[in-house]
Amino acid sequence: MTWIPLLLSDPSPSLRLLVLKELLHRQEDDSEVQELKELQENDLIAQSLLKSQLHNGSWDKDIVGSTAPGGNIQATSQALVRLGYLQFPSNNPSIKNAVEFLFSKQKSDGSWPLPKARRNNEFKGYDMQPLQTAIPLEGIASCGYSTDKRAEKAYDWLLECKLDDGAWPVGITSGVYGKIGGYRRIAHSRLGCRSTTIGVLNCFSYHPKRKNSIEIQRAMDLVLGCETKEKYNLGFVISRLIGLEPSRGWITYYPKLDPAHLLNLCWKIGVNTSDLRLAELINFVKSLQGEYGLWECTLHPEASRWLTFDILRSLSKIKAEGKWISFEPRTPFQGYPKKEKRF
């Protein structure tokens with residue numbers, strides 16, 4: 001395992017801590033683990049984020065470096081997802097204040113306010129978008145608050161937005177479902193949006209019980225049907241998590257299908273290697289591993305050690321057997337299928 005010294009020599013105490021706990025299975029009372037936990041708040045990845053938190057517990061979208069249509073709500077969620085990935089404790093004051101800020105903006109039906117696009121000096125846009133709740137809920141759930149009663153209400157709201165085929169739409173305007181761009185299409189779903197569905201799956205993947213529900217497994221089954229394997233996208237999500245890739249967009253927050261992120265969702269939701277699509281995805285990812293045990297992140301080479309940790313953890317968590325059952329037939333899928341000529 002040549003990756004061990006390479007990962008443990010990384011300057012980030014957070015990465016070294018994750019490697020010790022998740023890959024080398026060190027216990028909480030381990031002296032090295034305790035030492036790294038004390039150093040974690042001084043990690044450059046988290047330090048600037050913690051210092052830029054506003055007095056009300058939120059983060060400003062300009063401070064966290066995002067062009068977020070959701071404003072402080074979206075920026076705060078993005079900050080929490082990063083801290084949650086680094087495994088900051090849920091009782092950390094910065095996390096508690098941020099979570100309470102998000103809950104303070106929650107509506108009575110369990111959702112969060114919907115950003116409105118400004119056109120011709122008037123606010124126009126969708127009447128409903130699942131991402132209006134999925135984005136803040138992901139930040140809350142990633143930091144250990146998925147079973148809070150207020151979060152449970154948000155999960156119920158998201159389930160009510162689900163399409164009959166199991167995916168989630170981009171949104172609804174005046175009773176009409178939004179158009180889906182080819183890069184966001186889902187196999188076997190006419191109105192399902194891949195970017196939105198992955199955003200919702202992220203939320204549910206943190207819930208101890210809901211992540212294994214029939215509804216979530218059905219949605220994961222549809223996403224796996226896309227069978228997109230692009231080397232260039234490998235590490236897109238982890239690059240954004242550690243601040244190398246800009247955080248931008250709303251509907252297009254997940255424009256790329258990152259194979260590493262897909263593996264992460266698979267082990268959390270319970271997909272096993274009896275599903276040939278996952279088995280082939282694993283073989284594809286393994287074929288990209290370098291001679292020294294690392295995976296190179298083409299987008300941001302400096303994220304390669306983080307990407308390597310993320311992939312190794314996913315591979316160690318994915319099981320060969322389980323309760324997973326796929327109902328989707330394997331069919332050729334293209335986001336932009338060629339139109340047949342009339343003549």
# chains A, B, ... in the order shown; residues from 1 in each chain; ligands from 1
call {"tool": "select_by_dssp", "arguments": {"residues": "range 9-252 of chain A", "states": "strand (DSSP E or B)", "output": "PyMOL selection string"}}
result
chain A and resi 66-67+117-119+122-124+128+169+172-173+176-177+186+189+192+247-248
call {"tool": "write_last_selection", "arguments": {"atoms": "C-alpha atoms", "output": "tab-separated table (two decimals), in the first residue's frame"}}
result
chain	number	residue	atom	x	y	z
A	66	SER	CA	-19.24	31.29	-4.76
A	67	THR	CA	-21.68	32.80	-7.20
A	117	ALA	CA	-34.34	35.14	-11.06
A	118	ARG	CA	-34.51	38.86	-11.81
A	119	ARG	CA	-35.62	39.67	-15.34
A	122	GLU	CA	-39.24	41.81	-12.00
A	123	PHE	CA	-38.61	38.63	-10.02
A	124	LYS	CA	-39.63	35.66	-12.10
A	128	MET	CA	-40.97	25.11	-6.81
A	169	PRO	CA	-37.56	17.36	-11.59
A	172	ILE	CA	-42.35	23.57	-11.71
A	173	THR	CA	-43.47	26.86	-13.26
A	176	VAL	CA	-45.40	22.96	-15.99
A	177	TYR	CA	-42.23	20.96	-15.34
A	186	ILE	CA	-31.50	10.71	-16.71
A	189	SER	CA	-36.90	9.43	-16.89
A	192	GLY	CA	-36.06	13.83	-14.17
A	247	SER	CA	-18.69	26.84	-6.04
A	248	ARG	CA	-21.20	28.26	-8.42
call {"tool": "select_by_dssp", "arguments": {"residues": "range 188-311 of chain A", "states": "helix (DSSP H, G or I)", "output": "VMD selection string"}}
result
chain A and resid 194 to 204 210 to 212 214 to 224 231 to 233 236 to 241 259 to 269 276 to 286 301 to 311
call {"tool": "closest_atom_pairs", "arguments": {"of": "range 118-204 of chain A", "to": "range 232-240 of chain A", "cutoff": "12 Å", "atoms": "only C-alpha atoms", "output": "CSV"}}
result
residue,atom,partner,partner_atom,distance
A:Ile198,CA,A:Val237,CA,11.8
A:Gly199,CA,A:Val237,CA,11.9
A:Asn202,CA,A:Val237,CA,11.8
call {"tool": "residues_around", "arguments": {"residues": "range 320-333 of chain A", "least_positions_apart": "4", "cutoff": "7 Å", "atoms": "only C-alpha atoms", "output": "list in words"}}
result
Ala187, Asp221, Gly225, Cys226, Gly270, Val271, Asn272, Thr273 and Ser274 of chain A
call {"tool": "residues_around", "arguments": {"residues": "Cys143 in chain A", "least_positions_apart": "6", "cutoff": "7 Å", "atoms": "only C-alpha atoms", "output": "ChimeraX atom specification"}}
result
/A:80,84,90
call {"tool": "write_last_selection", "arguments": {"atoms": "N, CA and C atoms", "output": "mmCIF file, in the first residue's frame"}}
result
data_model
loop_
_atom_site.group_PDB
_atom_site.id
_atom_site.type_symbol
_atom_site.label_atom_id
_atom_site.label_comp_id
_atom_site.auth_asym_id
_atom_site.auth_seq_id
_atom_site.Cartn_x
_atom_site.Cartn_y
_atom_site.Cartn_z
ATOM 1 N N LEU A 80 -20.939 24.325 5.412
ATOM 2 C CA LEU A 80 -21.205 23.211 6.321
ATOM 3 C C LEU A 80 -20.848 21.870 5.694
ATOM 4 N N GLY A 84 -18.431 19.317 7.386
ATOM 5 C CA GLY A 84 -18.930 17.969 7.645
ATOM 6 C C GLY A 84 -18.047 16.909 7.026
ATOM 7 N N SER A 90 -20.276 17.775 15.553
ATOM 8 C CA SER A 90 -21.550 18.480 15.398
ATOM 9 C C SER A 90 -21.769 19.526 16.486
#
call {"tool": "atom_distance", "arguments": {"atom1": "CA of Gln47 in chain A", "atom2": "CA of Gln78 in chain A"}}
result
15.1 Å
call {"tool": "closest_residue", "arguments": {"among": "A:Leu49, A:Lys231, A:Trp250, A:Glu35", "to": "Gly71 in chain A", "atoms": "only C-alpha atoms"}}
result
A:Trp250
call {"tool": "residues_around", "arguments": {"residues": "Ser213 in chain A", "least_positions_apart": "5", "cutoff": "12 Å", "atoms": "only C-alpha atoms", "output": "list of chain:residue names"}}
result
A:Leu159, A:Gly166, A:Leu201, A:Phe204, A:Ser205, A:His207, A:Pro208, A:Arg218, A:Ala219, A:Met220, A:Lys268, A:Ile269, A:Gly270, A:Lys323, A:Trp324, A:Ile325
call {"tool": "closest_residue", "arguments": {"among": "A:Val223, A:Leu83, A:Ile242, A:Ile251", "to": "Tyr126 in chain A", "atoms": "only C-alpha atoms"}}
result
A:Ile251
call {"tool": "residues_around", "arguments": {"residues": "Val81 in chain A", "least_positions_apart": "5", "cutoff": "9 Å", "atoms": "only C-alpha atoms", "output": "mmCIF file with C-alpha atoms, in the first residue's frame"}}
result
data_model
loop_
_atom_site.group_PDB
_atom_site.id
_atom_site.type_symbol
_atom_site.label_atom_id
_atom_site.label_comp_id
_atom_site.auth_asym_id
_atom_site.auth_seq_id
_atom_site.Cartn_x
_atom_site.Cartn_y
_atom_site.Cartn_z
ATOM 1 C CA THR A 76 -23.759 28.557 4.493
ATOM 2 C CA LEU A 86 -13.680 17.124 7.354
ATOM 3 C CA GLU A 138 -27.354 18.775 2.718
ATOM 4 C CA GLY A 139 -25.330 21.186 4.837
ATOM 5 C CA ILE A 140 -27.428 20.416 7.909
ATOM 6 C CA ALA A 141 -27.359 16.648 7.390
ATOM 7 C CA SER A 142 -23.643 16.468 6.597
ATOM 8 C CA CYS A 143 -22.841 17.868 10.043
ATOM 9 C CA LEU A 241 -15.171 20.544 -1.226
#
call {"tool": "atom_distance", "arguments": {"atom1": "CA of Gly70 in chain A", "atom2": "CA of Tyr155 in chain A"}}
result
19.0 Å
call {"tool": "residues_around", "arguments": {"residues": "Asn42 in chain A", "least_positions_apart": "3", "cutoff": "12 Å", "atoms": "only C-alpha atoms", "output": "ChimeraX atom specification"}}
result
/A:11-14,36-39,45-51
call {"tool": "write_last_selection", "arguments": {"atoms": "C-alpha atoms", "output": "short mmCIF file (atom, residue, chain, number, x, y, z; two decimals), in the first residue's frame"}}
result
data_model
loop_
_atom_site.label_atom_id
_atom_site.label_comp_id
_atom_site.auth_asym_id
_atom_site.auth_seq_id
_atom_site.Cartn_x
_atom_site.Cartn_y
_atom_site.Cartn_z
CA PRO A 11 0.35 19.08 5.14
CA SER A 12 -3.39 19.02 5.94
CA PRO A 13 -4.05 17.64 9.45
CA SER A 14 -7.65 17.03 8.37
CA LEU A 36 -4.59 15.84 14.83
CA LYS A 37 -8.05 16.76 16.12
CA GLU A 38 -6.46 19.57 18.13
CA LEU A 39 -4.69 20.81 15.01
CA ILE A 45 -8.78 24.42 4.39
CA ALA A 46 -10.98 25.15 7.40
CA GLN A 47 -9.22 28.10 9.01
CA SER A 48 -10.20 30.75 6.49
CA LEU A 49 -13.75 29.41 6.47
CA LEU A 50 -14.12 29.54 10.26
CA LYS A 51 -12.71 33.06 10.43
#
call {"tool": "atom_distance", "arguments": {"atom1": "CA of Val285 in chain A", "atom2": "CA of Ala260 in chain A"}}
result
7.8 Å
call {"tool": "closest_residue", "arguments": {"among": "A:Ala134, A:Leu244, A:Ala151, A:Val170", "to": "Val200 in chain A", "atoms": "only C-alpha atoms"}}
result
A:Ala134
call {"tool": "closest_residue", "arguments": {"among": "A:Glu22, A:Asp258, A:Asp62, A:Glu41", "to": "Pro246 in chain A", "atoms": "only C-alpha atoms"}}
result
A:Asp62
call {"tool": "closest_residue", "arguments": {"among": "A:Lys96, A:Pro115, A:Ala79, A:Tyr292", "to": "Gly243 in chain A", "atoms": "only C-alpha atoms"}}
result
A:Ala79
